[in-house]
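Shown here: work28.pdb, PDB, C-alpha atoms, pLDDT in the B column.
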```
ATOM      1  CA  ALA E1370     117.905 127.535 119.701  1.00 80.00           C
ATOM      2  CA  LEU E1371     116.578 126.916 116.201  1.00 80.00           C
ATOM      3  CA  GLY E1372     119.947 125.593 115.064  1.00 82.00           C
ATOM      4  CA  LEU E1373     120.141 123.321 118.085  1.00 77.00           C
ATOM      5  CA  ALA E1374     116.598 122.045 117.462  1.00 73.00           C
ATOM      6  CA  MET E1375     117.493 121.280 113.843  1.00 77.00           C
ATOM      7  CA  MET E1376     120.384 119.113 115.000  1.00 81.00           C
ATOM      8  CA  LEU E1377     118.236 116.995 117.316  1.00 76.00           C
ATOM      9  CA  PRO E1378     117.211 113.541 116.090  1.00 78.00           C
ATOM     10  CA  ASP E1379     113.688 113.173 114.731  1.00 74.00           C
ATOM     11  CA  ARG E1380     112.717 110.814 117.545  1.00 74.00           C
ATOM     12  CA  TRP E1381     113.190 113.671 120.032  1.00 74.00           C
ATOM     13  CA  LEU E1382     111.093 116.129 118.055  1.00 71.00           C
ATOM     14  CA  PHE E1383     108.275 114.007 116.666  1.00 72.00           C
ATOM     15  CA  THR E1384     106.071 111.251 118.014  1.00 81.00           C
ATOM     16  CA  PRO E1385     106.237 107.805 116.387  1.00 81.00           C
ATOM     17  CA  ALA E1386     102.834 108.463 114.780  1.00 83.00           C
ATOM     18  CA  GLU E1387     104.061 111.720 113.266  1.00 84.00           C
ATOM     19  CA  ARG E1388     107.197 110.040 111.943  1.00 84.00           C
ATOM     20  CA  LEU E1389     105.119 107.216 110.450  1.00 84.00           C
ATOM     21  CA  ARG E1390     102.731 109.671 108.802  1.00 87.00           C
ATOM     22  CA  HIS E1391     105.662 111.615 107.341  1.00 88.00           C
ATOM     23  CA  ALA E1392     107.348 108.454 106.044  1.00 88.00           C
ATOM     24  CA  PHE E1393     104.020 107.324 104.553  1.00 88.00           C
ATOM     25  CA  MET E1394     103.572 110.700 102.861  1.00 89.00           C
ATOM     26  CA  GLN E1395     107.081 110.520 101.406  1.00 88.00           C
ATOM     27  CA  ARG E1396     106.712 106.937 100.240  1.00 88.00           C
ATOM     28  CA  HIS E1397     103.373 107.388  98.495  1.00 90.00           C
ATOM     29  CA  GLY E1398     103.400 111.094  97.679  1.00 89.00           C
ATOM     30  CA  VAL E1399     100.106 111.801  99.421  1.00 89.00           C
ATOM     31  CA  SER E1400      98.951 114.767 101.469  1.00 90.00           C
ATOM     32  CA  ALA E1401      99.030 114.833 105.255  1.00 88.00           C
ATOM     33  CA  ASP E1402      95.246 114.431 105.427  1.00 91.00           C
ATOM     34  CA  ALA E1403      95.242 111.491 103.024  1.00 90.00           C
ATOM     35  CA  ALA E1404      98.100 109.857 104.932  1.00 90.00           C
ATOM     36  CA  GLY E1405      96.296 110.344 108.238  1.00 90.00           C
ATOM     37  CA  ASN E1406      93.045 108.912 106.881  1.00 92.00           C
ATOM     38  CA  THR E1407      94.777 105.946 105.284  1.00 93.00           C
ATOM     39  CA  LEU E1408      96.842 105.163 108.361  1.00 93.00           C
ATOM     40  CA  SER E1409      93.766 105.379 110.591  1.00 94.00           C
ATOM     41  CA  LEU E1410      91.997 102.907 108.290  1.00 95.00           C
ATOM     42  CA  ILE E1411      94.984 100.561 108.529  1.00 95.00           C
ATOM     43  CA  VAL E1412      95.002 100.829 112.323  1.00 95.00           C
ATOM     44  CA  ARG E1413      91.274 100.164 112.392  1.00 96.00           C
ATOM     45  CA  ALA E1414      91.613  96.965 110.329  1.00 96.00           C
ATOM     46  CA  GLN E1415      94.467  95.768 112.533  1.00 96.00           C
ATOM     47  CA  HIS E1416      92.445  96.558 115.650  1.00 97.00           C
ATOM     48  CA  GLN E1417      89.506  94.545 114.319  1.00 97.00           C
ATOM     49  CA  ALA E1418      91.842  91.593 113.705  1.00 96.00           C
ATOM     50  CA  ARG E1419      93.139  91.814 117.287  1.00 96.00           C
ATOM     51  CA  GLN E1420      89.598  91.988 118.619  1.00 96.00           C
ATOM     52  CA  LEU E1421      88.614  88.884 116.675  1.00 95.00           C
ATOM     53  CA  ARG E1422      91.583  86.949 117.999  1.00 94.00           C
ATOM     54  CA  GLY E1423      90.965  88.225 121.522  1.00 93.00           C
ATOM     55  CA  ALA E1424      87.330  87.139 121.503  1.00 91.00           C
ATOM     56  CA  ASP E1425      88.244  83.440 121.392  1.00 84.00           C
ATOM     57  CA  ASN E1426      87.469  81.866 124.748  1.00 80.00           C
ATOM     58  CA  GLY E1427      87.515  78.249 123.751  1.00 82.00           C
ATOM     59  CA  PHE E1428      85.665  78.275 120.453  1.00 89.00           C
ATOM     60  CA  VAL E1429      85.233  74.949 118.721  1.00 89.00           C
ATOM     61  CA  PRO E1430      88.254  74.290 116.470  1.00 92.00           C
ATOM     62  CA  GLU E1431      86.369  74.945 113.225  1.00 93.00           C
ATOM     63  CA  LEU E1432      85.059  78.325 114.423  1.00 92.00           C
ATOM     64  CA  LYS E1433      88.436  79.257 115.887  1.00 93.00           C
ATOM     65  CA  ALA E1434      90.104  78.528 112.533  1.00 93.00           C
ATOM     66  CA  ARG E1435      87.529  80.614 110.681  1.00 94.00           C
ATOM     67  CA  VAL E1436      87.850  83.543 113.094  1.00 95.00           C
ATOM     68  CA  ASP E1437      91.644  83.380 112.784  1.00 95.00           C
ATOM     69  CA  HIS E1438      91.363  83.268 108.986  1.00 94.00           C
ATOM     70  CA  THR E1439      89.113  86.331 109.050  1.00 95.00           C
ATOM     71  CA  ALA E1440      91.587  88.132 111.314  1.00 96.00           C
ATOM     72  CA  ASP E1441      94.369  87.201 108.882  1.00 96.00           C
ATOM     73  CA  SER E1442      92.274  88.600 106.033  1.00 95.00           C
ATOM     74  CA  LEU E1443      91.811  91.901 107.852  1.00 96.00           C
ATOM     75  CA  GLU E1444      95.544  92.124 108.484  1.00 96.00           C
ATOM     76  CA  GLY E1445      96.114  91.357 104.805  1.00 94.00           C
ATOM     77  CA  ILE E1446      93.791  94.203 103.861  1.00 95.00           C
ATOM     78  CA  ALA E1447      95.756  96.498 106.173  1.00 95.00           C
ATOM     79  CA  ARG E1448      99.030  95.484 104.476  1.00 95.00           C
ATOM     80  CA  LEU E1449      97.460  95.950 101.048  1.00 93.00           C
ATOM     81  CA  ILE E1450      96.305  99.455 101.967  1.00 94.00           C
ATOM     82  CA  PHE E1451      99.748 100.292 103.360  1.00 94.00           C
ATOM     83  CA  GLU E1452     101.363  99.248 100.074  1.00 93.00           C
ATOM     84  CA  ASP E1453      98.753 100.975  97.886  1.00 91.00           C
ATOM     85  CA  PRO E1454      96.718 103.721  99.595  1.00 93.00           C
ATOM     86  CA  SER E1455      94.120 103.659  96.805  1.00 89.00           C
ATOM     87  CA  GLU E1456      93.075 100.251  98.147  1.00 90.00           C
ATOM     88  CA  GLY E1457      91.688 102.101 101.162  1.00 91.00           C
ATOM     89  CA  ARG E1458      88.764 103.406  99.129  1.00 90.00           C
ATOM     90  CA  ARG E1459      88.125  99.951  97.683  1.00 89.00           C
ATOM     91  CA  ASN E1460      88.178  98.256 101.085  1.00 92.00           C
ATOM     92  CA  LEU E1461      86.488 100.944 103.184  1.00 93.00           C
ATOM     93  CA  ALA E1462      83.090  99.231 103.090  1.00 92.00           C
ATOM     94  CA  LEU E1463      84.647  95.904 104.123  1.00 93.00           C
ATOM     95  CA  ILE E1464      86.377  97.486 107.090  1.00 95.00           C
ATOM     96  CA  ASN E1465      83.247  99.406 108.081  1.00 95.00           C
ATOM     97  CA  ARG E1466      81.146  96.257 107.961  1.00 93.00           C
ATOM     98  CA  ALA E1467      83.779  94.208 109.755  1.00 95.00           C
ATOM     99  CA  ASP E1468      82.806  96.107 112.920  1.00 95.00           C
ATOM    100  CA  LEU E1469      79.514  94.202 112.886  1.00 95.00           C
ATOM    101  CA  LEU E1470      81.357  90.922 112.413  1.00 94.00           C
ATOM    102  CA  VAL E1471      83.631  91.690 115.359  1.00 95.00           C
ATOM    103  CA  GLU E1472      80.571  92.512 117.440  1.00 95.00           C
ATOM    104  CA  ALA E1473      78.920  89.216 116.486  1.00 94.00           C
ATOM    105  CA  VAL E1474      82.025  87.200 117.406  1.00 94.00           C
ATOM    106  CA  GLN E1475      82.413  89.058 120.692  1.00 94.00           C
ATOM    107  CA  ASN E1476      78.736  88.546 121.529  1.00 92.00           C
ATOM    108  CA  HIS E1477      79.114  84.836 120.784  1.00 91.00           C
ATOM    109  CA  SER E1478      82.102  84.763 123.113  1.00 90.00           C
ATOM    110  CA  ALA E1479      80.103  86.500 125.835  1.00 89.00           C
ATOM    111  CA  LEU E1480      77.252  84.033 125.365  1.00 88.00           C
ATOM    112  CA  ARG E1481      79.683  81.167 125.894  1.00 83.00           C
ATOM    113  CA  GLN E1482      80.723  82.715 129.214  1.00 83.00           C
ATOM    114  CA  ASP E1483      77.111  82.999 130.368  1.00 82.00           C
ATOM    115  CA  LYS E1484      75.250  79.982 131.615  1.00 72.00           C
ATOM    116  CA  SER E1485      73.789  79.287 128.170  1.00 73.00           C
ATOM    117  CA  ASN E1486      72.792  75.824 127.111  1.00 84.00           C
ATOM    118  CA  GLU E1487      74.423  74.040 124.190  1.00 86.00           C
ATOM    119  CA  ALA E1488      71.452  74.619 121.873  1.00 89.00           C
ATOM    120  CA  GLN E1489      71.677  78.386 122.340  1.00 88.00           C
ATOM    121  CA  ILE E1490      75.436  78.333 121.795  1.00 87.00           C
ATOM    122  CA  ALA E1491      75.049  76.169 118.674  1.00 88.00           C
ATOM    123  CA  SER E1492      72.457  78.580 117.283  1.00 91.00           C
ATOM    124  CA  ALA E1493      74.764  81.540 117.917  1.00 90.00           C
ATOM    125  CA  ARG E1494      77.679  79.620 116.380  1.00 91.00           C
ATOM    126  CA  THR E1495      75.611  79.049 113.235  1.00 93.00           C
ATOM    127  CA  SER E1496      74.842  82.770 112.990  1.00 94.00           C
ATOM    128  CA  VAL E1497      78.484  83.719 113.498  1.00 93.00           C
ATOM    129  CA  SER E1498      79.541  81.145 110.889  1.00 94.00           C
ATOM    130  CA  ALA E1499      77.098  82.629 108.389  1.00 95.00           C
ATOM    131  CA  ALA E1500      78.501  86.114 109.042  1.00 95.00           C
ATOM    132  CA  LEU E1501      82.067  84.814 108.617  1.00 94.00           C
ATOM    133  CA  ASP E1502      81.057  83.151 105.334  1.00 94.00           C
ATOM    134  CA  ALA E1503      79.492  86.372 104.075  1.00 95.00           C
ATOM    135  CA  PHE E1504      82.618  88.344 104.964  1.00 95.00           C
ATOM    136  CA  ALA E1505      84.862  85.779 103.258  1.00 94.00           C
ATOM    137  CA  GLY E1506      82.665  86.009 100.158  1.00 94.00           C
ATOM    138  CA  ALA E1507      82.920  89.790 100.153  1.00 93.00           C
ATOM    139  CA  ILE E1508      86.712  89.595 100.433  1.00 92.00           C
ATOM    140  CA  SER E1509      86.850  87.083  97.573  1.00 92.00           C
ATOM    141  CA  ALA E1510      84.709  89.348  95.407  1.00 92.00           C
ATOM    142  CA  ALA E1511      86.924  92.344  96.197  1.00 89.00           C
ATOM    143  CA  ASP E1512      90.031  90.296  95.355  1.00 88.00           C
ATOM    144  CA  GLU E1513      88.461  89.201  92.088  1.00 92.00           C
ATOM    145  CA  ARG E1514      87.610  92.799  91.144  1.00 90.00           C
ATOM    146  CA  ARG E1515      91.167  93.903  91.955  1.00 87.00           C
ATOM    147  CA  ILE E1516      92.633  91.101  89.816  1.00 92.00           C
ATOM    148  CA  GLU E1517      90.285  91.916  86.931  1.00 94.00           C
ATOM    149  CA  ALA E1518      91.314  95.589  87.124  1.00 90.00           C
ATOM    150  CA  GLN E1519      94.991  94.596  87.000  1.00 91.00           C
ATOM    151  CA  ILE E1520      94.367  92.316  84.010  1.00 95.00           C
ATOM    152  CA  GLN E1521      92.544  95.177  82.274  1.00 95.00           C
ATOM    153  CA  LYS E1522      95.539  97.477  82.888  1.00 94.00           C
ATOM    154  CA  ILE E1523      97.898  94.840  81.488  1.00 96.00           C
ATOM    155  CA  ASP E1524      95.717  94.334  78.411  1.00 95.00           C
ATOM    156  CA  THR E1525      95.462  98.068  77.792  1.00 95.00           C
ATOM    157  CA  ALA E1526      99.210  98.655  78.186  1.00 95.00           C
ATOM    158  CA  SER E1527     100.017  95.669  75.971  1.00 95.00           C
ATOM    159  CA  ASP E1528      97.612  96.786  73.252  1.00 94.00           C
ATOM    160  CA  VAL E1529      98.986 100.339  73.259  1.00 94.00           C
ATOM    161  CA  ALA E1530     102.586  99.083  73.216  1.00 94.00           C
ATOM    162  CA  ASP E1531     101.800  96.689  70.374  1.00 92.00           C
ATOM    163  CA  THR E1532     100.176  99.463  68.351  1.00 91.00           C
ATOM    164  CA  LEU E1533     103.091 101.836  68.937  1.00 92.00           C
ATOM    165  CA  PHE E1534     105.707  99.241  68.067  1.00 91.00           C
ATOM    166  CA  GLN E1535     103.794  98.275  64.938  1.00 89.00           C
ATOM    167  CA  ALA E1536     103.771 101.963  63.939  1.00 88.00           C
ATOM    168  CA  MET E1537     107.536 102.160  64.489  1.00 88.00           C
ATOM    169  CA  ARG E1538     108.129  99.334  62.043  1.00 85.00           C
ATOM    170  CA  GLY E1539     106.321 101.232  59.386  1.00 76.00           C
ATOM    171  CA  PRO E1540     104.040  99.903  56.701  1.00 75.00           C
ATOM    172  CA  ARG E1541     104.790  96.514  55.264  1.00 68.00           C
ATOM    173  CA  THR E1542     104.982  96.188  51.552  1.00 58.00           C
TER
END
```
Show how you would write the structure in this file as structure tokens.
Amino acid sequence: ALGLAMMLPDRWLFTPAERLRHAFMQRHGVSADAAGNTLSLIVRAQHQARQLRGADNGFVPELKARVDHTADSLEGIARLIFEDPSEGRRNLALINRADLLVEAVQNHSALRQDKSNEAQIASARTSVSAALDAFAGAISAADERRIEAQIQKIDTASDVADTLFQAMRGPRT
């Protein structure tokens, strides 16, 4: 029975989630717990993006574009975390706080469905726009910090390489 089970394809023995977690562990060399946590964070960011897109019930074009851009940003964060699991720690606060943004957009959508007057809807739209702006600013700041860290790594590696190559040439006379 054990020999027969070992010959069965993986798709018969493991769920798609288990296969994904295993592939993620192999690709990044992380533990099962770390892979599970990272993948759940990725799923959460993707779910938030779907919720934002699903909340649109006829938003004005400008707000619709901004909500879609925010959803794209969340999906971009999910891809970034999938490529580099250490980005999960850096983006955890953004994803946690994006829940509030999703709630605000969904509440605005619900308000539009109620018999609210245009002044109330405009006021809610202004609040949602401010929240979207704040989120976009936080993403920009996180991107800037990531770029600065990469530049610092490049500078450090270049300086060390330069020093080592200078030492290989020996003293100049």
Worksheet entry | Coordinates-based distance that separates atom CA of E:Ala1418 from atom CA of E:Asp1437 (Å, one decimal) |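 Answer for the atom CA of E:Asp1437 to atom CA of E:Ala1418 separation: 8.3 Å.
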Fill in: Interatomic distance, atom CA of E:Ser1409 to atom CA of E:Thr1384 (Å, one decimal)
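Value for the atom CA of E:Ser1409-atom CA of E:Thr1384 distance: 15.5 Å.
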Item to complete: Return the single residue from E:Ser1527, E:Ser1455, E:Thr1439, E:Gln1482 that is closest to E:Arg1422, with distances computed using only C-alpha atoms.
Response: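 Looking only at the distances to E:Arg1422, the closest residue turns out to be E:Thr1439.
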Fill in: Test item: the PyMOL selection byres ((chain E and resi 1405-1407) around 10) resolved as a list in words
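Taken over the shown coordinates, the PyMOL selection byres ((chain E and resi 1405-1407) around 10) returns Ala1386, Glu1387, Leu1389, Arg1390, His1391, Phe1393, Met1394, Val1399, Ser1400, Ala1401, Asp1402, Ala1403, Ala1404, Leu1408, Ser1409, Leu1410, Ile1411, Val1412, Arg1413, Ala1447, Ile1450, Phe1451, Asp1453, Pro1454, Ser1455, Glu1456, Gly1457, Arg1458 and Leu1461 of chain E.
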Output C-alpha atoms of each residue in that selection to a file, as a PDB file, keeping the file's coordinate frame.
```
ATOM      1  CA  ALA E1386     102.834 108.463 114.780  1.00 83.00           C
ATOM      2  CA  GLU E1387     104.061 111.720 113.266  1.00 84.00           C
ATOM      3  CA  LEU E1389     105.119 107.216 110.450  1.00 84.00           C
ATOM      4  CA  ARG E1390     102.731 109.671 108.802  1.00 87.00           C
ATOM      5  CA  HIS E1391     105.662 111.615 107.341  1.00 88.00           C
ATOM      6  CA  PHE E1393     104.020 107.324 104.553  1.00 88.00           C
ATOM      7  CA  MET E1394     103.572 110.700 102.861  1.00 89.00           C
ATOM      8  CA  VAL E1399     100.106 111.801  99.421  1.00 89.00           C
ATOM      9  CA  SER E1400      98.951 114.767 101.469  1.00 90.00           C
ATOM     10  CA  ALA E1401      99.030 114.833 105.255  1.00 88.00           C
ATOM     11  CA  ASP E1402      95.246 114.431 105.427  1.00 91.00           C
ATOM     12  CA  ALA E1403      95.242 111.491 103.024  1.00 90.00           C
ATOM     13  CA  ALA E1404      98.100 109.857 104.932  1.00 90.00           C
ATOM     14  CA  LEU E1408      96.842 105.163 108.361  1.00 93.00           C
ATOM     15  CA  SER E1409      93.766 105.379 110.591  1.00 94.00           C
ATOM     16  CA  LEU E1410      91.997 102.907 108.290  1.00 95.00           C
ATOM     17  CA  ILE E1411      94.984 100.561 108.529  1.00 95.00           C
ATOM     18  CA  VAL E1412      95.002 100.829 112.323  1.00 95.00           C
ATOM     19  CA  ARG E1413      91.274 100.164 112.392  1.00 96.00           C
ATOM     20  CA  ALA E1447      95.756  96.498 106.173  1.00 95.00           C
ATOM     21  CA  ILE E1450      96.305  99.455 101.967  1.00 94.00           C
ATOM     22  CA  PHE E1451      99.748 100.292 103.360  1.00 94.00           C
ATOM     23  CA  ASP E1453      98.753 100.975  97.886  1.00 91.00           C
ATOM     24  CA  PRO E1454      96.718 103.721  99.595  1.00 93.00           C
ATOM     25  CA  SER E1455      94.120 103.659  96.805  1.00 89.00           C
ATOM     26  CA  GLU E1456      93.075 100.251  98.147  1.00 90.00           C
ATOM     27  CA  GLY E1457      91.688 102.101 101.162  1.00 91.00           C
ATOM     28  CA  ARG E1458      88.764 103.406  99.129  1.00 90.00           C
ATOM     29  CA  LEU E1461      86.488 100.944 103.184  1.00 93.00           C
TER      30      LEU E1461
END
```
Practice prompt. Decode the PyMOL selection byres ((chain E and resi 1501) around 12) for the given file into explicit residues and return them as a PyMOL selection string.
Written response: chain E and resi 1421+1431-1440+1442+1466-1467+1469-1474+1494-1500+1502-1508
Expected file contents, prior selection, C-alpha atoms, as a CSV table (one decimal), in the frame of the given file:
```
chain,number,residue,atom,x,y,z
E,1421,LEU,CA,88.6,88.9,116.7
E,1431,GLU,CA,86.4,74.9,113.2
E,1432,LEU,CA,85.1,78.3,114.4
E,1433,LYS,CA,88.4,79.3,115.9
E,1434,ALA,CA,90.1,78.5,112.5
E,1435,ARG,CA,87.5,80.6,110.7
E,1436,VAL,CA,87.8,83.5,113.1
E,1437,ASP,CA,91.6,83.4,112.8
E,1438,HIS,CA,91.4,83.3,109.0
E,1439,THR,CA,89.1,86.3,109.0
E,1440,ALA,CA,91.6,88.1,111.3
E,1442,SER,CA,92.3,88.6,106.0
E,1466,ARG,CA,81.1,96.3,108.0
E,1467,ALA,CA,83.8,94.2,109.8
E,1469,LEU,CA,79.5,94.2,112.9
E,1470,LEU,CA,81.4,90.9,112.4
E,1471,VAL,CA,83.6,91.7,115.4
E,1472,GLU,CA,80.6,92.5,117.4
E,1473,ALA,CA,78.9,89.2,116.5
E,1474,VAL,CA,82.0,87.2,117.4
E,1494,ARG,CA,77.7,79.6,116.4
E,1495,THR,CA,75.6,79.0,113.2
E,1496,SER,CA,74.8,82.8,113.0
E,1497,VAL,CA,78.5,83.7,113.5
E,1498,SER,CA,79.5,81.1,110.9
E,1499,ALA,CA,77.1,82.6,108.4
E,1500,ALA,CA,78.5,86.1,109.0
E,1502,ASP,CA,81.1,83.2,105.3
E,1503,ALA,CA,79.5,86.4,104.1
E,1504,PHE,CA,82.6,88.3,105.0
E,1505,ALA,CA,84.9,85.8,103.3
E,1506,GLY,CA,82.7,86.0,100.2
E,1507,ALA,CA,82.9,89.8,100.2
E,1508,ILE,CA,86.7,89.6,100.4
```
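Taking atom CA of E:Leu1443 and atom CA of E:Ile1464 as the two end points, the separation is 7.8 Å.
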Fill in: Option closest in space to E:His1477, from E:Asp1531, E:Asp1425, E:Glu1452, E:Glu1444 [counting all atoms listed in the file]
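Smallest separation from E:His1477 among the options: E:Asp1425.
Shortest separation to E:Gly1427 among E:Arg1481, E:Gly1445, E:Leu1382, E:Asn1460 occurs at residue E:Arg1481, atoms counted being all atoms listed in the file.
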Discussion item. Considering all atoms listed in the file, can you say which of E:Leu1449, E:Leu1480, E:Ala1374, E:Ala1424 comes closest to E:Asp1512?
Written reply: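 Looking at the shortest contact to E:Asp1512, the residue is E:Leu1449.
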Discussion item. With distances taken over only C-alpha atoms, which residue among E:Gln1535, E:Gln1521, E:Pro1540, E:Phe1428 lies nearest E:Ile1490?
Written reply: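 Closest to E:Ile1490, using only C-alpha atoms: E:Phe1428.
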